[in-house]
file start-v7.csv (CSV, C-alpha atoms)
chain,number,residue,atom,x,y,z
W,1,MET,CA,-8.5,-0.8,4.6
W,2,SER,CA,-7.4,-3.6,2.3
W,3,HIS,CA,-8.6,-4.1,-1.2
W,4,GLU,CA,-10.5,-7.2,0.0
W,5,ASN,CA,-12.7,-5.4,2.4
W,6,SER,CA,-13.0,-1.9,0.9
W,7,LEU,CA,-16.4,-0.8,-0.1
W,8,SER,CA,-15.1,1.7,-2.5
W,9,LEU,CA,-14.0,0.9,-6.1
W,10,GLU,CA,-10.3,1.1,-6.2
W,11,PRO,CA,-9.1,-0.9,-9.2
W,12,ARG,CA,-5.6,-2.3,-9.1
W,13,TRP,CA,-4.4,-1.3,-12.6
W,14,ASP,CA,-1.6,-3.4,-14.0
W,15,ALA,CA,1.6,-1.9,-15.5
W,16,ALA,CA,-0.3,-1.0,-18.7
W,17,GLY,CA,-3.1,0.7,-16.7
W,18,LEU,CA,-5.6,-2.2,-17.3
W,19,ILE,CA,-7.8,-4.5,-15.4
W,20,THR,CA,-9.4,-7.7,-16.8
W,21,ALA,CA,-13.0,-7.6,-17.8
W,22,VAL,CA,-15.1,-10.8,-17.9
W,23,THR,CA,-18.4,-10.5,-19.6
W,24,THR,CA,-21.3,-12.9,-19.2
W,25,ASP,CA,-24.8,-13.0,-20.5
W,26,ALA,CA,-27.0,-11.9,-17.6
W,27,GLU,CA,-29.9,-14.1,-18.7
W,28,THR,CA,-28.1,-17.4,-19.6
W,29,GLY,CA,-25.0,-17.0,-17.5
W,30,ASP,CA,-22.8,-18.0,-20.4
W,31,LEU,CA,-19.3,-16.5,-20.6
W,32,LEU,CA,-19.3,-14.2,-23.7
W,33,MET,CA,-15.8,-12.6,-23.8
W,34,VAL,CA,-12.7,-11.6,-21.8
W,35,ALA,CA,-11.3,-8.1,-22.5
W,36,HIS,CA,-9.6,-5.3,-20.7
W,37,MET,CA,-10.5,-1.9,-19.3
W,38,ASN,CA,-8.5,1.2,-18.5
W,39,ALA,CA,-9.8,3.9,-16.3
W,40,ASP,CA,-11.6,5.7,-19.2
W,41,ALA,CA,-13.3,2.5,-20.3
W,42,LEU,CA,-14.5,1.8,-16.8
W,43,ALA,CA,-15.8,5.3,-16.3
W,44,ALA,CA,-17.6,5.3,-19.6
W,45,THR,CA,-19.2,1.9,-18.8
W,46,ILE,CA,-20.5,3.2,-15.5
W,47,ALA,CA,-21.6,6.5,-16.9
W,48,THR,CA,-23.5,5.1,-20.0
W,49,GLY,CA,-24.6,1.7,-18.8
W,50,GLU,CA,-23.0,0.2,-21.9
W,51,ALA,CA,-19.8,-1.9,-22.0
W,52,HIS,CA,-16.7,0.0,-23.0
W,53,TYR,CA,-13.3,-1.7,-23.2
W,54,TRP,CA,-9.7,-0.8,-24.0
W,55,SER,CA,-8.6,-2.3,-27.3
W,56,ARG,CA,-5.0,-3.4,-26.8
W,57,SER,CA,-4.6,-4.1,-30.5
W,58,ARG,CA,-5.9,-0.7,-31.6
W,59,GLN,CA,-4.8,1.2,-28.5
W,60,GLN,CA,-8.1,3.0,-28.2
W,61,LEU,CA,-11.3,3.2,-26.2
W,62,TRP,CA,-13.7,0.6,-27.6
W,63,HIS,CA,-17.4,1.2,-27.2
W,64,LYS,CA,-18.6,-2.4,-27.9
W,65,GLY,CA,-21.3,-2.3,-30.6
W,66,ALA,CA,-20.7,1.3,-31.6
W,67,THR,CA,-20.2,0.2,-35.3
W,68,SER,CA,-21.8,-3.3,-35.3
W,69,GLY,CA,-24.9,-2.3,-33.2
W,70,HIS,CA,-24.1,-5.2,-30.9
W,71,ILE,CA,-24.2,-3.0,-27.7
W,72,GLN,CA,-23.9,-4.7,-24.4
W,73,ARG,CA,-26.2,-3.2,-21.8
W,74,ILE,CA,-25.0,-3.5,-18.3
W,75,VAL,CA,-27.2,-5.4,-15.9
W,76,GLU,CA,-24.8,-5.8,-13.0
W,77,MET,CA,-21.1,-5.2,-12.3
W,78,ARG,CA,-19.0,-7.0,-9.7
W,79,VAL,CA,-15.4,-6.7,-8.7
W,80,ASP,CA,-13.1,-9.4,-7.4
W,81,CYS,CA,-11.2,-9.6,-4.1
W,82,ASP,CA,-8.0,-7.9,-5.2
W,83,GLN,CA,-9.9,-5.5,-7.6
W,84,ASP,CA,-7.9,-6.4,-10.7
W,85,ALA,CA,-10.8,-8.0,-12.4
W,86,ILE,CA,-14.3,-6.9,-13.1
W,87,TRP,CA,-17.4,-9.0,-14.0
W,88,LEU,CA,-20.0,-7.5,-16.3
W,89,LYS,CA,-23.3,-9.1,-16.6
W,90,VAL,CA,-24.9,-7.8,-19.8
W,91,ALA,CA,-27.9,-7.9,-22.0
W,92,PRO,CA,-26.2,-8.3,-25.4
W,93,ALA,CA,-27.9,-6.9,-28.6
W,94,GLY,CA,-25.9,-9.4,-30.8
W,95,PRO,CA,-22.9,-11.6,-30.9
W,96,ALA,CA,-20.0,-10.8,-28.6
W,97,CYS,CA,-17.4,-12.2,-30.9
W,98,HIS,CA,-16.0,-10.5,-34.0
W,99,THR,CA,-16.4,-14.0,-35.7
W,100,GLY,CA,-20.1,-13.7,-35.4
W,101,GLU,CA,-20.4,-16.3,-32.7
W,102,ARG,CA,-22.5,-15.4,-29.7
W,103,SER,CA,-19.6,-16.2,-27.4
W,104,CYS,CA,-15.9,-16.0,-28.1
W,105,PHE,CA,-15.6,-19.4,-26.4
W,106,TYR,CA,-17.0,-21.5,-29.3
W,107,ARG,CA,-14.3,-24.2,-29.1
W,108,ARG,CA,-14.1,-26.9,-26.5
W,109,LEU,CA,-10.9,-28.8,-25.5
W,110,THR,CA,-10.9,-32.5,-26.1
W,111,ASP,CA,-8.2,-35.1,-25.9
W,112,GLY,CA,-7.6,-34.7,-29.6
W,113,GLY,CA,-7.6,-30.9,-29.8
W,114,LEU,CA,-10.4,-28.4,-30.1
W,115,VAL,CA,-13.9,-28.9,-31.4
W,116,ARG,CA,-16.3,-26.2,-32.5
W,117,ASP,CA,-19.3,-26.4,-30.1
W,118,ALA,CA,-21.4,-23.3,-29.6
W,119,VAL,CA,-21.9,-22.1,-26.1
W,120,GLY,CA,-25.3,-22.5,-24.4
Q,1,MET,CA,-4.6,-21.3,-40.3
Q,2,SER,CA,-5.7,-18.4,-38.0
Q,3,HIS,CA,-6.1,-18.7,-34.3
Q,4,GLU,CA,-9.8,-18.2,-34.8
Q,5,ASN,CA,-10.3,-21.3,-36.9
Q,6,SER,CA,-7.6,-23.6,-35.7
Q,7,LEU,CA,-8.7,-26.8,-34.1
Q,8,SER,CA,-5.5,-27.2,-32.3
Q,9,LEU,CA,-4.7,-25.6,-28.9
Q,10,GLU,CA,-2.1,-22.9,-29.6
Q,11,PRO,CA,-2.3,-20.5,-26.7
Q,12,ARG,CA,-1.2,-16.9,-27.4
Q,13,TRP,CA,1.0,-16.4,-24.3
Q,14,ASP,CA,1.5,-12.7,-23.4
Q,15,ALA,CA,4.9,-11.1,-22.7
Q,16,ALA,CA,5.0,-12.8,-19.3
Q,17,GLY,CA,4.2,-16.2,-20.8
Q,18,LEU,CA,0.6,-16.2,-19.5
Q,19,ILE,CA,-3.0,-16.5,-20.6
Q,20,THR,CA,-6.0,-15.4,-18.6
Q,21,ALA,CA,-8.0,-18.2,-16.9
Q,22,VAL,CA,-11.7,-17.6,-16.1
Q,23,THR,CA,-13.2,-20.2,-13.8
Q,24,THR,CA,-16.9,-20.8,-13.4
Q,25,ASP,CA,-19.0,-23.2,-11.3
Q,26,ALA,CA,-20.1,-25.9,-13.8
Q,27,GLU,CA,-23.3,-26.5,-11.9
Q,28,THR,CA,-24.5,-22.9,-11.2
Q,29,GLY,CA,-22.6,-21.1,-13.9
Q,30,ASP,CA,-21.4,-18.5,-11.4
Q,31,LEU,CA,-18.1,-16.8,-12.0
Q,32,LEU,CA,-15.7,-18.0,-9.3
Q,33,MET,CA,-12.4,-16.4,-10.0
Q,34,VAL,CA,-10.0,-14.9,-12.6
Q,35,ALA,CA,-6.4,-16.1,-12.6
Q,36,HIS,CA,-3.5,-16.8,-15.0
Q,37,MET,CA,-1.9,-19.9,-16.5
Q,38,ASN,CA,1.5,-20.5,-18.0
Q,39,ALA,CA,2.3,-23.5,-20.2
Q,40,ASP,CA,3.1,-25.6,-17.1
Q,41,ALA,CA,-0.1,-24.8,-15.4
Q,42,LEU,CA,-2.1,-25.5,-18.5
Q,43,ALA,CA,-0.4,-28.8,-19.1
Q,44,ALA,CA,-0.9,-29.8,-15.4
Q,45,THR,CA,-4.5,-28.9,-15.6
Q,46,ILE,CA,-5.1,-31.0,-18.7
Q,47,ALA,CA,-3.0,-33.9,-17.3
Q,48,THR,CA,-4.6,-34.1,-13.9
Q,49,GLY,CA,-8.1,-32.8,-14.5
Q,50,GLU,CA,-7.6,-30.4,-11.6
Q,51,ALA,CA,-7.2,-26.6,-11.9
Q,52,HIS,CA,-3.6,-25.4,-11.8
Q,53,TYR,CA,-2.7,-21.7,-12.2
Q,54,TRP,CA,0.4,-19.6,-12.2
Q,55,SER,CA,0.7,-17.5,-9.1
Q,56,ARG,CA,2.0,-14.1,-10.2
Q,57,SER,CA,2.5,-13.0,-6.6
Q,58,ARG,CA,4.5,-16.1,-5.6
Q,59,GLN,CA,5.9,-16.7,-9.0
Q,60,GLN,CA,5.2,-20.4,-8.8
Q,61,LEU,CA,2.9,-23.1,-10.1
Q,62,TRP,CA,-0.3,-23.2,-8.0
Q,63,HIS,CA,-2.3,-26.3,-7.7
Q,64,LYS,CA,-5.6,-24.9,-6.5
Q,65,GLY,CA,-6.6,-26.6,-3.3
Q,66,ALA,CA,-3.3,-28.4,-2.7
Q,67,THR,CA,-3.1,-27.0,0.8
Q,68,SER,CA,-6.7,-26.0,1.5
Q,69,GLY,CA,-8.3,-29.1,0.0
Q,70,HIS,CA,-10.5,-26.8,-2.1
Q,71,ILE,CA,-9.6,-28.6,-5.4
Q,72,GLN,CA,-11.4,-27.6,-8.6
Q,73,ARG,CA,-12.2,-30.6,-10.7
Q,74,ILE,CA,-12.3,-29.8,-14.4
Q,75,VAL,CA,-15.7,-30.5,-16.0
Q,76,GLU,CA,-15.0,-28.6,-19.3
Q,77,MET,CA,-12.4,-26.3,-20.8
Q,78,ARG,CA,-13.0,-23.8,-23.6
Q,79,VAL,CA,-10.7,-21.4,-25.4
Q,80,ASP,CA,-11.6,-18.0,-26.9
Q,81,CYS,CA,-11.2,-16.8,-30.5
Q,82,ASP,CA,-7.7,-15.5,-30.2
Q,83,GLN,CA,-6.6,-18.2,-27.7
Q,84,ASP,CA,-5.4,-15.8,-25.1
Q,85,ALA,CA,-8.1,-16.7,-22.5
Q,86,ILE,CA,-9.3,-20.1,-21.3
Q,87,TRP,CA,-12.6,-20.9,-19.6
Q,88,LEU,CA,-12.6,-23.6,-16.9
Q,89,LYS,CA,-15.9,-25.0,-15.8
Q,90,VAL,CA,-15.2,-26.7,-12.5
Q,91,ALA,CA,-16.8,-28.7,-9.7
Q,92,PRO,CA,-15.3,-26.9,-6.7
Q,93,ALA,CA,-14.6,-28.7,-3.4
Q,94,GLY,CA,-14.8,-25.5,-1.5
Q,95,PRO,CA,-14.6,-21.7,-1.7
Q,96,ALA,CA,-12.6,-20.3,-4.7
Q,97,CYS,CA,-11.6,-17.2,-2.8
Q,98,HIS,CA,-8.8,-17.0,-0.2
Q,99,THR,CA,-11.2,-14.8,1.8
Q,100,GLY,CA,-13.5,-17.9,2.3
Q,101,GLU,CA,-16.1,-16.6,-0.1
Q,102,ARG,CA,-17.4,-19.1,-2.6
Q,103,SER,CA,-16.6,-16.6,-5.4
Q,104,CYS,CA,-14.0,-13.8,-5.5
Q,105,PHE,CA,-16.7,-11.5,-6.9
Q,106,TYR,CA,-18.6,-11.0,-3.6
Q,107,ARG,CA,-19.0,-7.2,-4.1
Q,108,ARG,CA,-21.4,-5.6,-6.4
Q,109,LEU,CA,-21.0,-2.0,-7.8
Q,110,THR,CA,-23.7,0.5,-6.9
Q,111,ASP,CA,-24.0,4.2,-7.4
Q,112,GLY,CA,-22.5,4.7,-4.0
Q,113,GLY,CA,-19.7,2.3,-4.1
Q,114,LEU,CA,-19.5,-1.5,-3.5
Q,115,VAL,CA,-21.9,-3.6,-1.5
Q,116,ARG,CA,-21.1,-7.1,-0.2
Q,117,ASP,CA,-23.5,-9.4,-1.8
Q,118,ALA,CA,-22.6,-13.1,-2.2
Q,119,VAL,CA,-22.8,-14.5,-5.7
Q,120,GLY,CA,-25.5,-17.0,-6.6
call {"tool": "encode", "arguments": {"input": "start-v7.csv", "output": "structure tokens"}}
result
Amino acid sequence: MSHENSLSLEPRWDAAGLITAVTTDAETGDLLMVAHMNADALAATIATGEAHYWSRSRQQLWHKGATSGHIQRIVEMRVDCDQDAIWLKVAPAGPACHTGERSCFYRRLTDGGLVRDAVG
Amino acid sequence: MSHENSLSLEPRWDAAGLITAVTTDAETGDLLMVAHMNADALAATIATGEAHYWSRSRQQLWHKGATSGHIQRIVEMRVDCDQDAIWLKVAPAGPACHTGERSCFYRRLTDGGLVRDAVG
């Protein structure tokens, strides 16, 4: 059965063993962040109901909010047609961005460059 | 100036020359698809106001909807803190997914596997 029709979770890991994770606020629908997961991060997210990612910069499992307290509780998870991206709808306990912004996408493109413009 | 504070668009291309593109429906907020852009795709998207991606499978510029008619008109674009992901809010003229689904994320994770469950 193809990845498109399969009803079992069979992630298509890239060469680095990762899939893309897209995280939105389950209540507002706003896009909060884009990160990556390896198999351990995905398993930990499913097991705990809290978002875990793979930190490419630190090369380690990253339990979001473990130090900041800004846990992301999983409300729903979805997978895309070719199973190389996963969508997390979360209830965030604080900002998603390390800059302190609620969303990492706090800049909007304009003709002249970027403008700071908080999401939502 | 760091990528986080810069008010100019300075994408952090990966080793393959790509950034991640996350596309949502500007009206409903639903996540439609996750894809990639190279510099040409980003420039074409900005110049035309229609979503262009880089097809990794075909290794070519991909004007979404050029053959299907399912153009994605850009309503807003945002960039994330480290400028390696871009958020497109679009007005879609048809399904985002090649399967005919409105969103590529038509399967939801459950304890027992995946269930088909259309977005929105």
call {"tool": "residues_around", "arguments": {"input": "start-v7.csv", "residues": "region 58-60 of chain W", "least_positions_apart": "6", "cutoff": "12 Å", "atoms": "all atoms listed in the file", "output": "JSON, numbers by chain"}}
result
{"W": [16, 17, 18, 36, 37, 38, 40, 41, 52]}
call {"tool": "write_last_selection", "arguments": {"input": "start-v7.csv", "atoms": "C-alpha atoms", "output": "PDB file, in the coordinates of the input"}}
result
ATOM      1  CA  ALA W  16      -0.300  -1.000 -18.700  1.00  0.00           C
ATOM      2  CA  GLY W  17      -3.100   0.700 -16.700  1.00  0.00           C
ATOM      3  CA  LEU W  18      -5.600  -2.200 -17.300  1.00  0.00           C
ATOM      4  CA  HIS W  36      -9.600  -5.300 -20.700  1.00  0.00           C
ATOM      5  CA  MET W  37     -10.500  -1.900 -19.300  1.00  0.00           C
ATOM      6  CA  ASN W  38      -8.500   1.200 -18.500  1.00  0.00           C
ATOM      7  CA  ASP W  40     -11.600   5.700 -19.200  1.00  0.00           C
ATOM      8  CA  ALA W  41     -13.300   2.500 -20.300  1.00  0.00           C
ATOM      9  CA  HIS W  52     -16.700   0.000 -23.000  1.00  0.00           C
TER      10      HIS W  52
END
call {"tool": "atom_distance", "arguments": {"input": "start-v7.csv", "atom1": "CA of Ile46 (chain Q)", "atom2": "CA of Trp13 (chain Q)"}}
result
16.8 Å
call {"tool": "interface_residues", "arguments": {"input": "start-v7.csv", "of": "chain W", "to": "chain Q", "cutoff": "7 Å", "atoms": "only C-alpha atoms", "output": "VMD selection string"}}
result
chain W and resid 7 to 9 29 34 77 to 81 85 104 to 109 113 to 115
call {"tool": "closest_residue", "arguments": {"input": "start-v7.csv", "among": "Q:Ala39, Q:Leu61, Q:Ala96, Q:Ala51", "to": "Val75 (chain Q)", "atoms": "all atoms listed in the file"}}
result
Q:Ala51
call {"tool": "atom_distance", "arguments": {"input": "start-v7.csv", "atom1": "CA of Arg73 (chain W)", "atom2": "CA of Ser57 (chain W)"}}
result
23.3 Å
call {"tool": "atom_distance", "arguments": {"input": "start-v7.csv", "atom1": "CA of Leu42 (chain Q)", "atom2": "CA of Pro95 (chain W)"}}
result
27.9 Å
call {"tool": "closest_residue", "arguments": {"input": "start-v7.csv", "among": "W:Ala118, W:Asp25, W:Pro11, W:Ala44", "to": "Gly100 (chain W)", "atoms": "only C-alpha atoms"}}
result
W:Ala118
call {"tool": "closest_residue", "arguments": {"input": "start-v7.csv", "among": "W:Val90, W:Ser68, W:His3, W:Ile19", "to": "Glu50 (chain W)", "atoms": "only C-alpha atoms"}}
result
W:Val90
call {"tool": "decode", "arguments": {"input": "start-v7.csv", "residues": "region 2-105 of chain Q", "atoms": "C-alpha atoms", "output": "PDB file, in the first residue's frame"}}
result
ATOM      1  CA  SER Q   2      21.360  38.600  13.674  1.00  0.00           C
ATOM      2  CA  HIS Q   3      18.853  36.696  11.601  1.00  0.00           C
ATOM      3  CA  GLU Q   4      16.373  37.066  14.444  1.00  0.00           C
ATOM      4  CA  ASN Q   5      16.303  40.857  14.378  1.00  0.00           C
ATOM      5  CA  SER Q   6      17.057  41.612  10.773  1.00  0.00           C
ATOM      6  CA  LEU Q   7      14.396  43.459   8.811  1.00  0.00           C
ATOM      7  CA  SER Q   8      15.737  42.245   5.506  1.00  0.00           C
ATOM      8  CA  LEU Q   9      14.913  38.884   4.007  1.00  0.00           C
ATOM      9  CA  GLU Q  10      18.071  36.777   4.240  1.00  0.00           C
ATOM     10  CA  PRO Q  11      16.983  33.153   3.944  1.00  0.00           C
ATOM     11  CA  ARG Q  12      19.197  30.531   5.538  1.00  0.00           C
ATOM     12  CA  TRP Q  13      19.343  28.026   2.690  1.00  0.00           C
ATOM     13  CA  ASP Q  14      20.210  24.482   3.704  1.00  0.00           C
ATOM     14  CA  ALA Q  15      22.941  22.378   2.099  1.00  0.00           C
ATOM     15  CA  ALA Q  16      20.612  21.713  -0.842  1.00  0.00           C
ATOM     16  CA  GLY Q  17      19.828  25.424  -1.243  1.00  0.00           C
ATOM     17  CA  LEU Q  18      16.326  25.099   0.186  1.00  0.00           C
ATOM     18  CA  ILE Q  19      14.092  26.492   2.898  1.00  0.00           C
ATOM     19  CA  THR Q  20      10.897  24.906   4.199  1.00  0.00           C
ATOM     20  CA  ALA Q  21       7.623  26.412   2.988  1.00  0.00           C
ATOM     21  CA  VAL Q  22       4.474  25.975   5.071  1.00  0.00           C
ATOM     22  CA  THR Q  23       1.247  26.850   3.302  1.00  0.00           C
ATOM     23  CA  THR Q  24      -2.029  27.598   5.054  1.00  0.00           C
ATOM     24  CA  ASP Q  25      -5.442  28.660   3.817  1.00  0.00           C
ATOM     25  CA  ALA Q  26      -5.649  32.403   4.506  1.00  0.00           C
ATOM     26  CA  GLU Q  27      -9.380  32.203   5.144  1.00  0.00           C
ATOM     27  CA  THR Q  28      -9.739  29.076   7.285  1.00  0.00           C
ATOM     28  CA  GLY Q  29      -6.225  28.925   8.738  1.00  0.00           C
ATOM     29  CA  ASP Q  30      -5.957  25.213   7.886  1.00  0.00           C
ATOM     30  CA  LEU Q  31      -2.559  23.771   7.089  1.00  0.00           C
ATOM     31  CA  LEU Q  32      -2.624  22.779   3.420  1.00  0.00           C
ATOM     32  CA  MET Q  33       0.880  21.518   2.620  1.00  0.00           C
ATOM     33  CA  VAL Q  34       4.579  21.569   3.457  1.00  0.00           C
ATOM     34  CA  ALA Q  35       7.064  21.956   0.622  1.00  0.00           C
ATOM     35  CA  HIS Q  36      10.414  23.560  -0.190  1.00  0.00           C
ATOM     36  CA  MET Q  37      11.662  26.645  -1.972  1.00  0.00           C
ATOM     37  CA  ASN Q  38      14.983  27.509  -3.506  1.00  0.00           C
ATOM     38  CA  ALA Q  39      15.978  31.082  -4.311  1.00  0.00           C
ATOM     39  CA  ASP Q  40      14.280  30.948  -7.719  1.00  0.00           C
ATOM     40  CA  ALA Q  41      11.009  29.683  -6.253  1.00  0.00           C
ATOM     41  CA  LEU Q  42      11.021  32.371  -3.592  1.00  0.00           C
ATOM     42  CA  ALA Q  43      11.778  35.099  -6.116  1.00  0.00           C
ATOM     43  CA  ALA Q  44       9.052  33.853  -8.489  1.00  0.00           C
ATOM     44  CA  THR Q  45       6.528  33.694  -5.647  1.00  0.00           C
ATOM     45  CA  ILE Q  46       7.275  37.265  -4.633  1.00  0.00           C
ATOM     46  CA  ALA Q  47       7.293  38.526  -8.229  1.00  0.00           C
ATOM     47  CA  THR Q  48       4.049  36.862  -9.330  1.00  0.00           C
ATOM     48  CA  GLY Q  49       2.029  36.664  -6.122  1.00  0.00           C
ATOM     49  CA  GLU Q  50       1.466  32.956  -6.803  1.00  0.00           C
ATOM     50  CA  ALA Q  51       3.097  30.103  -4.899  1.00  0.00           C
ATOM     51  CA  HIS Q  52       6.131  28.542  -6.546  1.00  0.00           C
ATOM     52  CA  TYR Q  53       8.057  25.702  -4.934  1.00  0.00           C
ATOM     53  CA  TRP Q  54      11.099  23.596  -5.714  1.00  0.00           C
ATOM     54  CA  SER Q  55      10.112  20.052  -6.558  1.00  0.00           C
ATOM     55  CA  ARG Q  56      12.714  17.804  -4.947  1.00  0.00           C
ATOM     56  CA  SER Q  57      11.370  14.721  -6.744  1.00  0.00           C
ATOM     57  CA  ARG Q  58      11.454  16.348 -10.182  1.00  0.00           C
ATOM     58  CA  GLN Q  59      14.352  18.706  -9.395  1.00  0.00           C
ATOM     59  CA  GLN Q  60      12.643  21.644 -11.033  1.00  0.00           C
ATOM     60  CA  LEU Q  61      10.799  24.854 -10.322  1.00  0.00           C
ATOM     61  CA  TRP Q  62       7.165  24.085  -9.599  1.00  0.00           C
ATOM     62  CA  HIS Q  63       4.525  26.717 -10.233  1.00  0.00           C
ATOM     63  CA  LYS Q  64       1.708  25.280  -8.152  1.00  0.00           C
ATOM     64  CA  GLY Q  65      -1.407  24.941 -10.282  1.00  0.00           C
ATOM     65  CA  ALA Q  66       0.322  25.610 -13.599  1.00  0.00           C
ATOM     66  CA  THR Q  67      -1.097  22.387 -15.020  1.00  0.00           C
ATOM     67  CA  SER Q  68      -4.002  21.637 -12.635  1.00  0.00           C
ATOM     68  CA  GLY Q  69      -5.293  25.201 -12.435  1.00  0.00           C
ATOM     69  CA  HIS Q  70      -5.084  24.990  -8.654  1.00  0.00           C
ATOM     70  CA  ILE Q  71      -3.101  28.190  -8.285  1.00  0.00           C
ATOM     71  CA  GLN Q  72      -2.352  29.462  -4.782  1.00  0.00           C
ATOM     72  CA  ARG Q  73      -2.634  33.245  -4.670  1.00  0.00           C
ATOM     73  CA  ILE Q  74      -0.424  34.743  -1.970  1.00  0.00           C
ATOM     74  CA  VAL Q  75      -2.273  36.732   0.682  1.00  0.00           C
ATOM     75  CA  GLU Q  76       0.598  37.107   3.155  1.00  0.00           C
ATOM     76  CA  MET Q  77       4.111  35.788   3.665  1.00  0.00           C
ATOM     77  CA  ARG Q  78       6.024  35.501   6.939  1.00  0.00           C
ATOM     78  CA  VAL Q  79       9.483  34.264   7.845  1.00  0.00           C
ATOM     79  CA  ASP Q  80      10.570  32.550  11.039  1.00  0.00           C
ATOM     80  CA  CYS Q  81      13.199  33.618  13.571  1.00  0.00           C
ATOM     81  CA  ASP Q  82      16.167  31.928  11.931  1.00  0.00           C
ATOM     82  CA  GLN Q  83      14.885  32.502   8.385  1.00  0.00           C
ATOM     83  CA  ASP Q  84      14.968  28.872   7.322  1.00  0.00           C
ATOM     84  CA  ALA Q  85      11.193  28.529   7.043  1.00  0.00           C
ATOM     85  CA  ILE Q  86       8.597  30.622   5.289  1.00  0.00           C
ATOM     86  CA  TRP Q  87       4.857  30.758   5.888  1.00  0.00           C
ATOM     87  CA  LEU Q  88       2.556  31.329   2.922  1.00  0.00           C
ATOM     88  CA  LYS Q  89      -1.040  32.287   3.598  1.00  0.00           C
ATOM     89  CA  VAL Q  90      -2.833  31.629   0.342  1.00  0.00           C
ATOM     90  CA  ALA Q  91      -6.191  31.776  -1.388  1.00  0.00           C
ATOM     91  CA  PRO Q  92      -6.238  28.352  -3.091  1.00  0.00           C
ATOM     92  CA  ALA Q  93      -8.094  27.852  -6.372  1.00  0.00           C
ATOM     93  CA  GLY Q  94      -8.447  24.135  -5.678  1.00  0.00           C
ATOM     94  CA  PRO Q  95      -7.056  21.216  -3.678  1.00  0.00           C
ATOM     95  CA  ALA Q  96      -3.492  21.572  -2.399  1.00  0.00           C
ATOM     96  CA  CYS Q  97      -2.832  17.834  -2.479  1.00  0.00           C
ATOM     97  CA  HIS Q  98      -2.101  15.764  -5.564  1.00  0.00           C
ATOM     98  CA  THR Q  99      -4.528  13.177  -4.142  1.00  0.00           C
ATOM     99  CA  GLY Q 100      -7.375  15.643  -4.645  1.00  0.00           C
ATOM    100  CA  GLU Q 101      -7.711  16.390  -0.937  1.00  0.00           C
ATOM    101  CA  ARG Q 102      -7.976  20.029   0.017  1.00  0.00           C
ATOM    102  CA  SER Q 103      -5.092  19.577   2.481  1.00  0.00           C
ATOM    103  CA  CYS Q 104      -2.262  17.052   2.368  1.00  0.00           C
ATOM    104  CA  PHE Q 105      -2.909  16.404   6.079  1.00  0.00           C
TER     105      PHE Q 105
END
